[in-house]
>>> print(open('entry-v8.pdb').read())   # PDB, C-alpha atoms and all ligand atoms
ATOM      1  CA  MET A 439      14.037 -29.469  -6.740  1.00  0.00           C
ATOM      2  CA  MET A 440      12.166 -28.135  -3.746  1.00  0.00           C
ATOM      3  CA  GLN A 441      10.604 -24.722  -4.264  1.00  0.00           C
ATOM      4  CA  THR A 442      10.713 -22.620  -1.118  1.00  0.00           C
ATOM      5  CA  GLU A 443       8.683 -19.533  -0.231  1.00  0.00           C
ATOM      6  CA  LEU A 444      11.874 -17.539  -0.368  1.00  0.00           C
ATOM      7  CA  ASP A 445      12.152 -18.059  -4.109  1.00  0.00           C
ATOM      8  CA  LEU A 446       9.417 -15.453  -4.510  1.00  0.00           C
ATOM      9  CA  PHE A 447      11.379 -12.830  -2.670  1.00  0.00           C
ATOM     10  CA  ASN A 448      14.071 -10.642  -4.059  1.00  0.00           C
ATOM     11  CA  PRO A 449      17.530 -12.161  -4.134  1.00  0.00           C
ATOM     12  CA  ALA A 450      19.986 -11.578  -1.304  1.00  0.00           C
ATOM     13  CA  SER A 451      21.616  -8.684  -3.196  1.00  0.00           C
ATOM     14  CA  PRO A 452      19.967  -5.688  -1.552  1.00  0.00           C
ATOM     15  CA  ALA A 453      19.251  -2.828  -3.889  1.00  0.00           C
ATOM     16  CA  GLU A 454      18.676  -3.823  -7.526  1.00  0.00           C
ATOM     17  CA  PRO A 455      15.414  -2.278  -8.730  1.00  0.00           C
ATOM     18  CA  GLN A 456      13.120  -4.993 -10.035  1.00  0.00           C
ATOM     19  CA  TRP A 457      10.934  -3.854 -12.939  1.00  0.00           C
ATOM     20  CA  ILE A 458       7.697  -5.829 -12.913  1.00  0.00           C
ATOM     21  CA  GLY A 459       6.043  -3.751 -15.639  1.00  0.00           C
ATOM     22  CA  LYS A 460       7.062  -0.956 -18.031  1.00  0.00           C
ATOM     23  CA  GLN A 461       6.119   1.581 -15.347  1.00  0.00           C
ATOM     24  CA  ALA A 462       6.062  -0.554 -12.184  1.00  0.00           C
ATOM     25  CA  VAL A 463       9.138  -1.198 -10.070  1.00  0.00           C
ATOM     26  CA  VAL A 464      10.038  -2.750  -6.719  1.00  0.00           C
ATOM     27  CA  LEU A 465      12.844  -0.918  -4.902  1.00  0.00           C
ATOM     28  CA  PRO A 466      14.120  -3.538  -2.426  1.00  0.00           C
ATOM     29  CA  GLY A 467      14.985  -2.052   0.965  1.00  0.00           C
ATOM     30  CA  PHE A 468      14.481   1.523  -0.271  1.00  0.00           C
ATOM     31  CA  ALA A 469      12.677   2.523   2.962  1.00  0.00           C
ATOM     32  CA  LEU A 470      14.997   0.721   5.418  1.00  0.00           C
ATOM     33  CA  ALA A 471      16.934   3.906   6.200  1.00  0.00           C
ATOM     34  CA  TRP A 472      13.613   5.683   6.950  1.00  0.00           C
ATOM     35  CA  VAL A 473      12.072   3.126   9.314  1.00  0.00           C
ATOM     36  CA  ASP A 474      13.318   4.892  12.459  1.00  0.00           C
ATOM     37  CA  VAL A 475      11.431   8.008  11.350  1.00  0.00           C
ATOM     38  CA  LEU A 476       8.370   6.260   9.887  1.00  0.00           C
ATOM     39  CA  LEU A 477       7.450   4.109  12.900  1.00  0.00           C
ATOM     40  CA  PRO A 478       7.144   6.896  15.511  1.00  0.00           C
ATOM     41  CA  GLU A 479       5.081   8.923  13.008  1.00  0.00           C
ATOM     42  CA  LEU A 480       2.860   5.880  12.439  1.00  0.00           C
ATOM     43  CA  ARG A 481       2.372   5.454  16.175  1.00  0.00           C
ATOM     44  CA  GLN A 482       1.131   9.043  16.475  1.00  0.00           C
ATOM     45  CA  ILE A 483      -1.217   8.673  13.521  1.00  0.00           C
ATOM     46  CA  ILE A 484      -2.717   5.463  14.890  1.00  0.00           C
ATOM     47  CA  ALA A 485      -3.240   7.101  18.295  1.00  0.00           C
ATOM     48  CA  ARG A 486      -5.472   9.738  16.660  1.00  0.00           C
ATOM     49  CA  ALA A 487      -6.981   7.613  13.894  1.00  0.00           C
ATOM     50  CA  PRO A 488      -6.947   3.954  14.983  1.00  0.00           C
ATOM     51  CA  PHE A 489      -7.105   1.010  12.582  1.00  0.00           C
ATOM     52  CA  ARG A 490     -10.700  -0.012  11.996  1.00  0.00           C
ATOM     53  CA  HIS A 491     -12.539  -2.616   9.915  1.00  0.00           C
ATOM     54  CA  MET A 492     -14.536  -0.711   7.325  1.00  0.00           C
ATOM     55  CA  LEU A 493     -17.763  -2.062   5.844  1.00  0.00           C
ATOM     56  CA  THR A 494     -17.798  -2.900   2.159  1.00  0.00           C
ATOM     57  CA  PRO A 495     -20.722  -1.577   0.089  1.00  0.00           C
ATOM     58  CA  GLY A 496     -22.019  -5.164   0.255  1.00  0.00           C
ATOM     59  CA  GLY A 497     -22.154  -4.955   4.072  1.00  0.00           C
ATOM     60  CA  LEU A 498     -19.143  -7.181   4.887  1.00  0.00           C
ATOM     61  CA  ASN A 499     -16.408  -6.205   7.339  1.00  0.00           C
ATOM     62  CA  MET A 500     -13.003  -5.835   5.657  1.00  0.00           C
ATOM     63  CA  ALA A 501     -10.464  -8.149   7.332  1.00  0.00           C
ATOM     64  CA  VAL A 502      -7.555  -5.761   6.798  1.00  0.00           C
ATOM     65  CA  GLY A 503      -7.493  -2.866   9.322  1.00  0.00           C
ATOM     66  CA  LEU A 504      -7.405   0.579   7.688  1.00  0.00           C
ATOM     67  CA  THR A 505      -6.641   4.148   8.598  1.00  0.00           C
ATOM     68  CA  ASN A 506      -5.321   7.209   6.766  1.00  0.00           C
ATOM     69  CA  CYS A 507      -3.263  10.345   7.023  1.00  0.00           C
ATOM     70  CA  GLY A 508      -3.197  13.334   4.709  1.00  0.00           C
ATOM     71  CA  ALA A 509      -5.741  15.830   3.398  1.00  0.00           C
ATOM     72  CA  LEU A 510      -7.829  12.960   1.996  1.00  0.00           C
ATOM     73  CA  GLY A 511      -8.411   9.456   3.322  1.00  0.00           C
ATOM     74  CA  TRP A 512      -9.863   6.426   1.518  1.00  0.00           C
ATOM     75  CA  ILE A 513     -13.024   5.126   3.171  1.00  0.00           C
ATOM     76  CA  SER A 514     -15.602   2.441   2.536  1.00  0.00           C
ATOM     77  CA  ASP A 515     -19.128   2.040   3.858  1.00  0.00           C
ATOM     78  CA  ARG A 516     -22.510   0.873   2.586  1.00  0.00           C
ATOM     79  CA  ARG A 517     -22.647   3.931   0.313  1.00  0.00           C
ATOM     80  CA  GLY A 518     -19.465   2.904  -1.524  1.00  0.00           C
ATOM     81  CA  TYR A 519     -15.747   3.645  -1.767  1.00  0.00           C
ATOM     82  CA  ARG A 520     -14.485   7.231  -1.805  1.00  0.00           C
ATOM     83  CA  TYR A 521     -11.994   9.727  -0.419  1.00  0.00           C
ATOM     84  CA  SER A 522     -13.036  11.880   2.535  1.00  0.00           C
ATOM     85  CA  PRO A 523     -11.274  14.828   4.217  1.00  0.00           C
ATOM     86  CA  VAL A 524     -12.768  13.705   7.547  1.00  0.00           C
ATOM     87  CA  ASP A 525     -12.277  10.517   9.595  1.00  0.00           C
ATOM     88  CA  PRO A 526     -15.800   9.100  10.039  1.00  0.00           C
ATOM     89  CA  LEU A 527     -14.819   7.690  13.480  1.00  0.00           C
ATOM     90  CA  SER A 528     -13.721  11.003  15.019  1.00  0.00           C
ATOM     91  CA  GLN A 529     -15.426  13.372  12.558  1.00  0.00           C
ATOM     92  CA  GLN A 530     -12.110  15.250  12.572  1.00  0.00           C
ATOM     93  CA  PRO A 531      -9.655  15.772   9.700  1.00  0.00           C
ATOM     94  CA  TRP A 532      -7.221  12.878   9.231  1.00  0.00           C
ATOM     95  CA  PRO A 533      -3.778  13.367  10.843  1.00  0.00           C
ATOM     96  CA  ALA A 534      -1.463  15.346   8.554  1.00  0.00           C
ATOM     97  CA  LEU A 535       0.915  13.573   6.177  1.00  0.00           C
ATOM     98  CA  PRO A 536       4.307  13.601   7.950  1.00  0.00           C
ATOM     99  CA  PRO A 537       6.965  15.383   5.829  1.00  0.00           C
ATOM    100  CA  ALA A 538       9.061  12.184   5.928  1.00  0.00           C
ATOM    101  CA  PHE A 539       6.230  10.254   4.188  1.00  0.00           C
ATOM    102  CA  ILE A 540       6.034  12.919   1.462  1.00  0.00           C
ATOM    103  CA  GLU A 541       9.819  13.018   0.984  1.00  0.00           C
ATOM    104  CA  LEU A 542      10.184   9.235   0.851  1.00  0.00           C
ATOM    105  CA  ALA A 543       7.341   8.942  -1.677  1.00  0.00           C
ATOM    106  CA  ALA A 544       8.732  11.712  -3.886  1.00  0.00           C
ATOM    107  CA  LEU A 545      12.239  10.215  -3.813  1.00  0.00           C
ATOM    108  CA  ALA A 546      10.974   6.712  -4.657  1.00  0.00           C
ATOM    109  CA  ALA A 547       8.738   8.060  -7.439  1.00  0.00           C
ATOM    110  CA  SER A 548      11.612   9.986  -8.980  1.00  0.00           C
ATOM    111  CA  ALA A 549      13.848   6.880  -8.791  1.00  0.00           C
ATOM    112  CA  ALA A 550      11.126   5.159 -10.847  1.00  0.00           C
ATOM    113  CA  GLY A 551      10.958   7.975 -13.399  1.00  0.00           C
ATOM    114  CA  PHE A 552       7.993   9.960 -12.058  1.00  0.00           C
ATOM    115  CA  ALA A 553       9.129  13.522 -11.387  1.00  0.00           C
ATOM    116  CA  ASP A 554       7.426  15.915  -8.944  1.00  0.00           C
ATOM    117  CA  PHE A 555       5.135  13.396  -7.209  1.00  0.00           C
ATOM    118  CA  ARG A 556       3.353  15.166  -4.373  1.00  0.00           C
ATOM    119  CA  PRO A 557       1.001  12.823  -2.441  1.00  0.00           C
ATOM    120  CA  ASP A 558      -2.001  14.204  -0.560  1.00  0.00           C
ATOM    121  CA  ALA A 559      -3.307  10.896   0.821  1.00  0.00           C
ATOM    122  CA  CYS A 560      -1.806   7.899   2.587  1.00  0.00           C
ATOM    123  CA  LEU A 561      -3.908   4.794   3.112  1.00  0.00           C
ATOM    124  CA  ILE A 562      -2.445   2.630   5.887  1.00  0.00           C
ATOM    125  CA  ASN A 563      -3.340  -1.072   5.799  1.00  0.00           C
ATOM    126  CA  CYS A 564      -2.728  -3.421   8.746  1.00  0.00           C
ATOM    127  CA  TYR A 565      -2.621  -7.155   7.969  1.00  0.00           C
ATOM    128  CA  LYS A 566      -2.754  -9.912  10.609  1.00  0.00           C
ATOM    129  CA  PRO A 567      -2.016 -13.559   9.792  1.00  0.00           C
ATOM    130  CA  GLY A 568      -4.614 -14.935   7.385  1.00  0.00           C
ATOM    131  CA  ASN A 569      -5.689 -11.475   6.164  1.00  0.00           C
ATOM    132  CA  ARG A 570      -5.731 -11.024   2.401  1.00  0.00           C
ATOM    133  CA  LEU A 571      -6.708  -8.357  -0.089  1.00  0.00           C
ATOM    134  CA  SER A 572      -8.612  -9.763  -3.030  1.00  0.00           C
ATOM    135  CA  LEU A 573      -7.843  -8.695  -6.613  1.00  0.00           C
ATOM    136  CA  HIS A 574      -8.985  -5.136  -7.311  1.00  0.00           C
ATOM    137  CA  GLN A 575      -8.086  -1.947  -9.180  1.00  0.00           C
ATOM    138  CA  ASP A 576      -7.396   1.411  -7.532  1.00  0.00           C
ATOM    139  CA  ARG A 577      -9.758   3.728  -9.369  1.00  0.00           C
ATOM    140  CA  ASP A 578     -11.092   6.156  -6.784  1.00  0.00           C
ATOM    141  CA  GLU A 579      -8.405   8.772  -7.468  1.00  0.00           C
ATOM    142  CA  ARG A 580      -9.008  11.809  -9.665  1.00  0.00           C
ATOM    143  CA  ASP A 581      -5.947  11.623 -11.943  1.00  0.00           C
ATOM    144  CA  TYR A 582      -4.709   8.214 -13.136  1.00  0.00           C
ATOM    145  CA  SER A 583      -1.594   9.839 -14.633  1.00  0.00           C
ATOM    146  CA  GLN A 584      -0.265  10.200 -11.075  1.00  0.00           C
ATOM    147  CA  PRO A 585       1.775   7.240  -9.780  1.00  0.00           C
ATOM    148  CA  ILE A 586       1.213   5.387  -6.492  1.00  0.00           C
ATOM    149  CA  VAL A 587       3.983   4.539  -4.031  1.00  0.00           C
ATOM    150  CA  SER A 588       3.678   1.739  -1.470  1.00  0.00           C
ATOM    151  CA  VAL A 589       5.919   1.000   1.511  1.00  0.00           C
ATOM    152  CA  SER A 590       5.913  -2.463   3.114  1.00  0.00           C
ATOM    153  CA  LEU A 591       6.678  -2.758   6.833  1.00  0.00           C
ATOM    154  CA  GLY A 592       6.761  -5.756   9.179  1.00  0.00           C
ATOM    155  CA  LEU A 593       5.951  -9.318   8.102  1.00  0.00           C
ATOM    156  CA  PRO A 594       6.620 -10.265   4.473  1.00  0.00           C
ATOM    157  CA  ALA A 595       3.721 -10.693   2.057  1.00  0.00           C
ATOM    158  CA  VAL A 596       3.108 -12.056  -1.394  1.00  0.00           C
ATOM    159  CA  PHE A 597       1.698  -9.470  -3.761  1.00  0.00           C
ATOM    160  CA  GLN A 598      -0.301 -10.423  -6.858  1.00  0.00           C
ATOM    161  CA  PHE A 599       0.248  -8.318  -9.948  1.00  0.00           C
ATOM    162  CA  GLY A 600      -2.296  -8.923 -12.684  1.00  0.00           C
ATOM    163  CA  GLY A 601      -3.456  -7.460 -15.956  1.00  0.00           C
ATOM    164  CA  HIS A 602      -6.094  -4.961 -16.979  1.00  0.00           C
ATOM    165  CA  ALA A 603      -8.924  -7.494 -16.710  1.00  0.00           C
ATOM    166  CA  ARG A 604      -9.727  -9.508 -13.586  1.00  0.00           C
ATOM    167  CA  ASN A 605      -9.482 -12.837 -15.405  1.00  0.00           C
ATOM    168  CA  GLU A 606      -5.891 -12.308 -16.642  1.00  0.00           C
ATOM    169  CA  SER A 607      -3.151 -14.341 -14.979  1.00  0.00           C
ATOM    170  CA  THR A 608      -1.238 -12.820 -12.062  1.00  0.00           C
ATOM    171  CA  ARG A 609       2.440 -12.808 -11.089  1.00  0.00           C
ATOM    172  CA  ARG A 610       3.476 -13.275  -7.470  1.00  0.00           C
ATOM    173  CA  ILE A 611       5.983 -10.851  -6.011  1.00  0.00           C
ATOM    174  CA  GLY A 612       7.471 -11.120  -2.526  1.00  0.00           C
ATOM    175  CA  LEU A 613       7.462  -7.878  -0.535  1.00  0.00           C
ATOM    176  CA  ARG A 614       9.570  -7.534   2.586  1.00  0.00           C
ATOM    177  CA  HIS A 615      10.033  -5.026   5.372  1.00  0.00           C
ATOM    178  CA  GLY A 616      11.439  -1.818   3.855  1.00  0.00           C
ATOM    179  CA  ASP A 617      10.582  -2.596   0.238  1.00  0.00           C
ATOM    180  CA  VAL A 618       9.010   0.208  -1.782  1.00  0.00           C
ATOM    181  CA  MET A 619       6.934  -0.276  -4.899  1.00  0.00           C
ATOM    182  CA  VAL A 620       6.111   2.443  -7.438  1.00  0.00           C
ATOM    183  CA  TRP A 621       3.758   2.130 -10.366  1.00  0.00           C
ATOM    184  CA  GLY A 622       1.995   4.438 -12.754  1.00  0.00           C
ATOM    185  CA  GLY A 623       1.371   5.060 -16.417  1.00  0.00           C
ATOM    186  CA  GLU A 624       0.224   1.963 -18.270  1.00  0.00           C
ATOM    187  CA  ASP A 625       0.517  -0.153 -15.077  1.00  0.00           C
ATOM    188  CA  ARG A 626      -1.588   2.201 -12.947  1.00  0.00           C
ATOM    189  CA  LEU A 627      -4.891   0.351 -13.416  1.00  0.00           C
ATOM    190  CA  ARG A 628      -3.647  -3.229 -13.173  1.00  0.00           C
ATOM    191  CA  PHE A 629      -5.551  -5.645 -10.975  1.00  0.00           C
ATOM    192  CA  HIS A 630      -3.583  -6.470  -7.834  1.00  0.00           C
ATOM    193  CA  GLY A 631      -4.001  -8.094  -4.439  1.00  0.00           C
ATOM    194  CA  VAL A 632      -2.220  -9.602  -1.452  1.00  0.00           C
ATOM    195  CA  LEU A 633      -2.263 -13.343  -0.594  1.00  0.00           C
ATOM    196  CA  PRO A 634      -3.193 -14.404   2.974  1.00  0.00           C
ATOM    197  CA  LEU A 635      -0.467 -13.238   5.376  1.00  0.00           C
ATOM    198  CA  LYS A 636       1.637 -16.059   6.832  1.00  0.00           C
ATOM    199  CA  PRO A 637       2.017 -15.974  10.635  1.00  0.00           C
ATOM    200  CA  GLY A 638       5.378 -14.831  11.934  1.00  0.00           C
ATOM    201  CA  SER A 639       7.089 -12.377  14.207  1.00  0.00           C
ATOM    202  CA  HIS A 640       8.841  -9.225  13.106  1.00  0.00           C
ATOM    203  CA  PRO A 641      11.256  -7.564  15.580  1.00  0.00           C
ATOM    204  CA  LEU A 642       9.738  -4.089  15.061  1.00  0.00           C
ATOM    205  CA  LEU A 643       6.094  -4.818  14.214  1.00  0.00           C
ATOM    206  CA  SER A 644       5.454  -8.228  15.884  1.00  0.00           C
ATOM    207  CA  GLY A 645       2.849 -10.320  14.096  1.00  0.00           C
ATOM    208  CA  ARG A 646       1.656  -7.707  11.624  1.00  0.00           C
ATOM    209  CA  ARG A 647       2.295  -6.245   8.214  1.00  0.00           C
ATOM    210  CA  ILE A 648       1.656  -2.535   7.733  1.00  0.00           C
ATOM    211  CA  ASN A 649       1.532  -1.104   4.223  1.00  0.00           C
ATOM    212  CA  LEU A 650       1.545   2.601   3.424  1.00  0.00           C
ATOM    213  CA  THR A 651       0.017   3.532   0.065  1.00  0.00           C
ATOM    214  CA  LEU A 652       0.788   7.098  -0.933  1.00  0.00           C
ATOM    215  CA  ARG A 653      -1.361   8.690  -3.604  1.00  0.00           C
ATOM    216  CA  LYS A 654      -2.370  11.961  -5.152  1.00  0.00           C
ATOM    217  CA  ALA A 655      -6.100  11.476  -4.671  1.00  0.00           C
ATOM    218  CA  GLY A 656      -7.471  14.990  -5.103  1.00  0.00           C
TER     219      GLY A 656
HETATM  220  C1  LIG A 701       0.030  -2.261  -8.656  1.00  0.00           C
HETATM  221  N1  LIG A 701      -2.674  -2.365  -1.021  1.00  0.00           N
HETATM  222  O1  LIG A 701      -4.458  -0.410  -0.519  1.00  0.00           O
HETATM  223  S1  LIG A 701       0.087  -1.811  -2.276  1.00  0.00           S
HETATM  224  C2  LIG A 701      -4.496  -0.919  -1.644  1.00  0.00           C
HETATM  225  O2  LIG A 701       0.023  -4.252   0.127  1.00  0.00           O
HETATM  226  C3  LIG A 701      -3.569  -2.045  -1.949  1.00  0.00           C
HETATM  227  O3  LIG A 701      -1.606  -3.294   1.164  1.00  0.00           O
HETATM  228  C4  LIG A 701      -1.776  -3.463  -1.166  1.00  0.00           C
HETATM  229  O4  LIG A 701      -3.668  -2.608  -2.982  1.00  0.00           O
HETATM  230  C5  LIG A 701      -1.054  -3.685   0.125  1.00  0.00           C
HETATM  231  O5  LIG A 701      -5.263  -0.564  -2.551  1.00  0.00           O
HETATM  232  C6  LIG A 701      -0.838  -3.312  -2.295  1.00  0.00           C
HETATM  233  C7  LIG A 701       0.790  -1.914  -3.831  1.00  0.00           C
HETATM  234  C8  LIG A 701      -0.091  -1.652  -5.019  1.00  0.00           C
HETATM  235  C9  LIG A 701      -1.244  -0.911  -4.943  1.00  0.00           C
HETATM  236  C10 LIG A 701      -1.943  -0.611  -6.093  1.00  0.00           C
HETATM  237  C11 LIG A 701      -1.528  -1.047  -7.336  1.00  0.00           C
HETATM  238  C12 LIG A 701       0.329  -2.095  -6.248  1.00  0.00           C
HETATM  239  C13 LIG A 701      -0.375  -1.801  -7.412  1.00  0.00           C
HETATM  240  C14 LIG A 701      -2.231  -0.731  -8.534  1.00  0.00           C
HETATM  241  C15 LIG A 701      -1.780  -1.172  -9.742  1.00  0.00           C
HETATM  242  C16 LIG A 701      -0.669  -1.949  -9.809  1.00  0.00           C
HETATM  243 FE    FE A 702      -4.942  -1.441  -4.325  1.00  0.00          FE
END
>>> encode(input="entry-v8.pdb", output="structure tokens")
Amino acid sequence: MMQTELDLFNPASPAEPQWIGKQAVVLPGFALAWVDVLLPELRQIIARAPFRHMLTPGGLNMAVGLTNCGALGWISDRRGYRYSPVDPLSQQPWPALPPAFIELAALAASAAGFADFRPDACLINCYKPGNRLSLHQDRDERDYSQPIVSVSLGLPAVFQFGGHARNESTRRIGLRHGDVMVWGGEDRLRFHGVLPLKPGSHPLLSGRRINLTLRKAG
């Protein structure tokens, strides 16, 4: 039987949480009701802190465009990866975390069993067709007991969810506009990545995928 791309994505039924690990869950469409609030906030953030292609410590330009909001923002340059209270482009503090981002993240985290999540950092990734994020761990945060919440907007993507070592096999999980993913606990340090984005057009975000990753970094 022919296997289509769609098989990777969540079934047509809208809202069943999909547990992909003991402490990792996809909440299909959880952010759909928030999109009207999120997009104007995003526009204002990007006006003050535009997407840019950061240098890796190895001196390569990252293909995915990045910016941040919140008290701390994740940055990369030849000196390494770290969180900074200041945008290196403007030398100003990052734009504040909009209350709607904080509320959405706290609500999603509590739906996944993580009470009292209070993010202080939001990394915003912008993918264009062909852009990918290779397998990595998120280990620049202070407290690994805090969960991470991600919000997918725009074009769909295929997420790779691996193990605790780079060489372990990965599962592929389809993420669509409005899907929210929460993970923490024993799943917090899993290797993960995003496969090259397929071209397409989204009515609200055109040919892009924007992912918000909300963390307690400090
Ligand atoms: C599962 N971003 O910014 S978010 C990142 O879609 C990043 O832009 C991806 O990985 C994106 O660091 C994925 C979802 C995600 C992030 C970290 C995880 C899932 C995770 C860490 C462990 C397990
Ligand atoms: Fe990551």
>>> resolve_selection(input="entry-v8.pdb", expression="the PyMOL selection byres (((not hetatm)) within 7 of (chain A and resi 701))", output="list in words")
Leu561, Asn563, Gln575, Asp576, Ile586, Ser588, Ser590, Phe597, Phe599, Met619, Trp621, Asp625, Arg626, Leu627, Arg628, Phe629, His630, Gly631, Val632, Asn649 and Thr651 of chain A
>>> resolve_selection(input="entry-v8.pdb", expression="the PyMOL selection byres (((chain A and resi 471-482) around 8) and not hetatm)", output="PyMOL selection string")
chain A and resi 468-470+483-486+536+538-539+542+616
>>> write_last_selection(input="entry-v8.pdb", atoms="C-alpha atoms", output="short mmCIF file (atom, residue, chain, number, x, y, z; two decimals), in the coordinates of the input")
data_model
loop_
_atom_site.label_atom_id
_atom_site.label_comp_id
_atom_site.auth_asym_id
_atom_site.auth_seq_id
_atom_site.Cartn_x
_atom_site.Cartn_y
_atom_site.Cartn_z
CA PHE A 468 14.48 1.52 -0.27
CA ALA A 469 12.68 2.52 2.96
CA LEU A 470 15.00 0.72 5.42
CA ILE A 483 -1.22 8.67 13.52
CA ILE A 484 -2.72 5.46 14.89
CA ALA A 485 -3.24 7.10 18.30
CA ARG A 486 -5.47 9.74 16.66
CA PRO A 536 4.31 13.60 7.95
CA ALA A 538 9.06 12.18 5.93
CA PHE A 539 6.23 10.25 4.19
CA LEU A 542 10.18 9.24 0.85
CA GLY A 616 11.44 -1.82 3.86
#
>>> atom_distance(input="entry-v8.pdb", atom1="CA of Glu606 in chain A", atom2="CA of His574 in chain A")
12.2 Å
>>> atom_distance(input="entry-v8.pdb", atom1="CA of Lys654 in chain A", atom2="CA of Asn569 in chain A")
26.2 Å
>>> atom_distance(input="entry-v8.pdb", atom1="CA of His491 in chain A", atom2="CA of Gln598 in chain A")
22.2 Å
>>> residues_around(input="entry-v8.pdb", residues="range 518-531 of chain A", least_positions_apart="6", cutoff="8 Å", atoms="only C-alpha atoms", output="ChimeraX atom specification")
/A:487,494-495,509-512,578-579,655
>>> resolve_selection(input="entry-v8.pdb", expression="the PyMOL selection byres (((chain A and resi 594) around 10) and not hetatm)", output="PyMOL selection string")
chain A and resi 447+590-593+595-597+612-617+635-640+646-648
>>> residues_around(input="entry-v8.pdb", residues="Leu465 in chain A", least_positions_apart="5", cutoff="10 Å", atoms="all atoms listed in the file", output="tab-separated table (two decimals) with C-alpha atoms, in the coordinates of the input")
chain	number	residue	atom	x	y	z
A	448	ASN	CA	14.07	-10.64	-4.06
A	452	PRO	CA	19.97	-5.69	-1.55
A	453	ALA	CA	19.25	-2.83	-3.89
A	454	GLU	CA	18.68	-3.82	-7.53
A	455	PRO	CA	15.41	-2.28	-8.73
A	456	GLN	CA	13.12	-4.99	-10.04
A	457	TRP	CA	10.93	-3.85	-12.94
A	546	ALA	CA	10.97	6.71	-4.66
A	549	ALA	CA	13.85	6.88	-8.79
A	550	ALA	CA	11.13	5.16	-10.85
A	589	VAL	CA	5.92	1.00	1.51
A	613	LEU	CA	7.46	-7.88	-0.54
A	616	GLY	CA	11.44	-1.82	3.86
A	617	ASP	CA	10.58	-2.60	0.24
A	618	VAL	CA	9.01	0.21	-1.78
A	619	MET	CA	6.93	-0.28	-4.90
A	620	VAL	CA	6.11	2.44	-7.44
>>> closest_residue(input="entry-v8.pdb", among="A:Ile562, A:Met492, A:Asp581, A:Arg517", to="ligand FE 702 (chain A)", atoms="only C-alpha atoms and all ligand atoms")
A:Ile562
>>> closest_residue(input="entry-v8.pdb", among="A:Ala501, A:Leu633, A:Leu573, A:Ala553", to="ligand FE 702 (chain A)", atoms="only C-alpha atoms and all ligand atoms")
A:Leu573
>>> closest_residue(input="entry-v8.pdb", among="A:Pro641, A:Gly459, A:Pro557, A:Gly600", to="ligand FE 702 (chain A)", atoms="only C-alpha atoms and all ligand atoms")
A:Gly600
>>> decode(input="entry-v8.pdb", residues="range 519-532 of chain A", atoms="N, CA and C atoms", output="tab-separated table (two decimals), in the first residue's frame")
chain	number	residue	atom	x	y	z
A	519	TYR	N	27.63	28.37	22.35
A	519	TYR	CA	26.19	28.53	22.55
A	519	TYR	C	25.96	29.01	23.97
A	520	ARG	N	25.03	29.93	24.16
A	520	ARG	CA	24.71	30.37	25.53
A	520	ARG	C	23.46	31.23	25.51
A	521	TYR	N	22.97	31.56	26.69
A	521	TYR	CA	21.86	32.50	26.84
A	521	TYR	C	22.43	33.88	27.15
A	522	SER	N	21.81	34.91	26.56
A	522	SER	CA	22.24	36.28	26.79
A	522	SER	C	21.02	37.16	27.05
A	523	PRO	N	21.14	38.10	28.02
A	523	PRO	CA	20.03	39.03	28.26
A	523	PRO	C	19.93	40.10	27.18
A	524	VAL	N	20.93	40.18	26.32
A	524	VAL	CA	21.02	41.27	25.33
A	524	VAL	C	21.06	40.67	23.93
A	525	ASP	N	20.36	41.31	22.99
A	525	ASP	CA	20.42	40.94	21.58
A	525	ASP	C	21.73	41.46	21.00
A	526	PRO	N	22.61	40.59	20.53
A	526	PRO	CA	23.90	41.07	20.02
A	526	PRO	C	23.77	42.00	18.81
A	527	LEU	N	22.66	41.92	18.06
A	527	LEU	CA	22.46	42.80	16.90
A	527	LEU	C	22.20	44.24	17.32
A	528	SER	N	21.31	44.42	18.31
A	528	SER	CA	20.90	45.77	18.72
A	528	SER	C	21.63	46.22	19.99
A	529	GLN	N	22.23	45.27	20.69
A	529	GLN	CA	22.82	45.50	22.01
A	529	GLN	C	21.80	46.03	23.02
A	530	GLN	N	20.54	45.69	22.75
A	530	GLN	CA	19.43	46.03	23.66
A	530	GLN	C	18.88	44.73	24.24
A	531	PRO	N	18.14	44.84	25.37
A	531	PRO	CA	17.46	43.64	25.87
A	531	PRO	C	16.53	43.07	24.79
A	532	TRP	N	16.30	41.76	24.83
A	532	TRP	CA	15.34	41.15	23.91
A	532	TRP	C	13.95	41.71	24.20
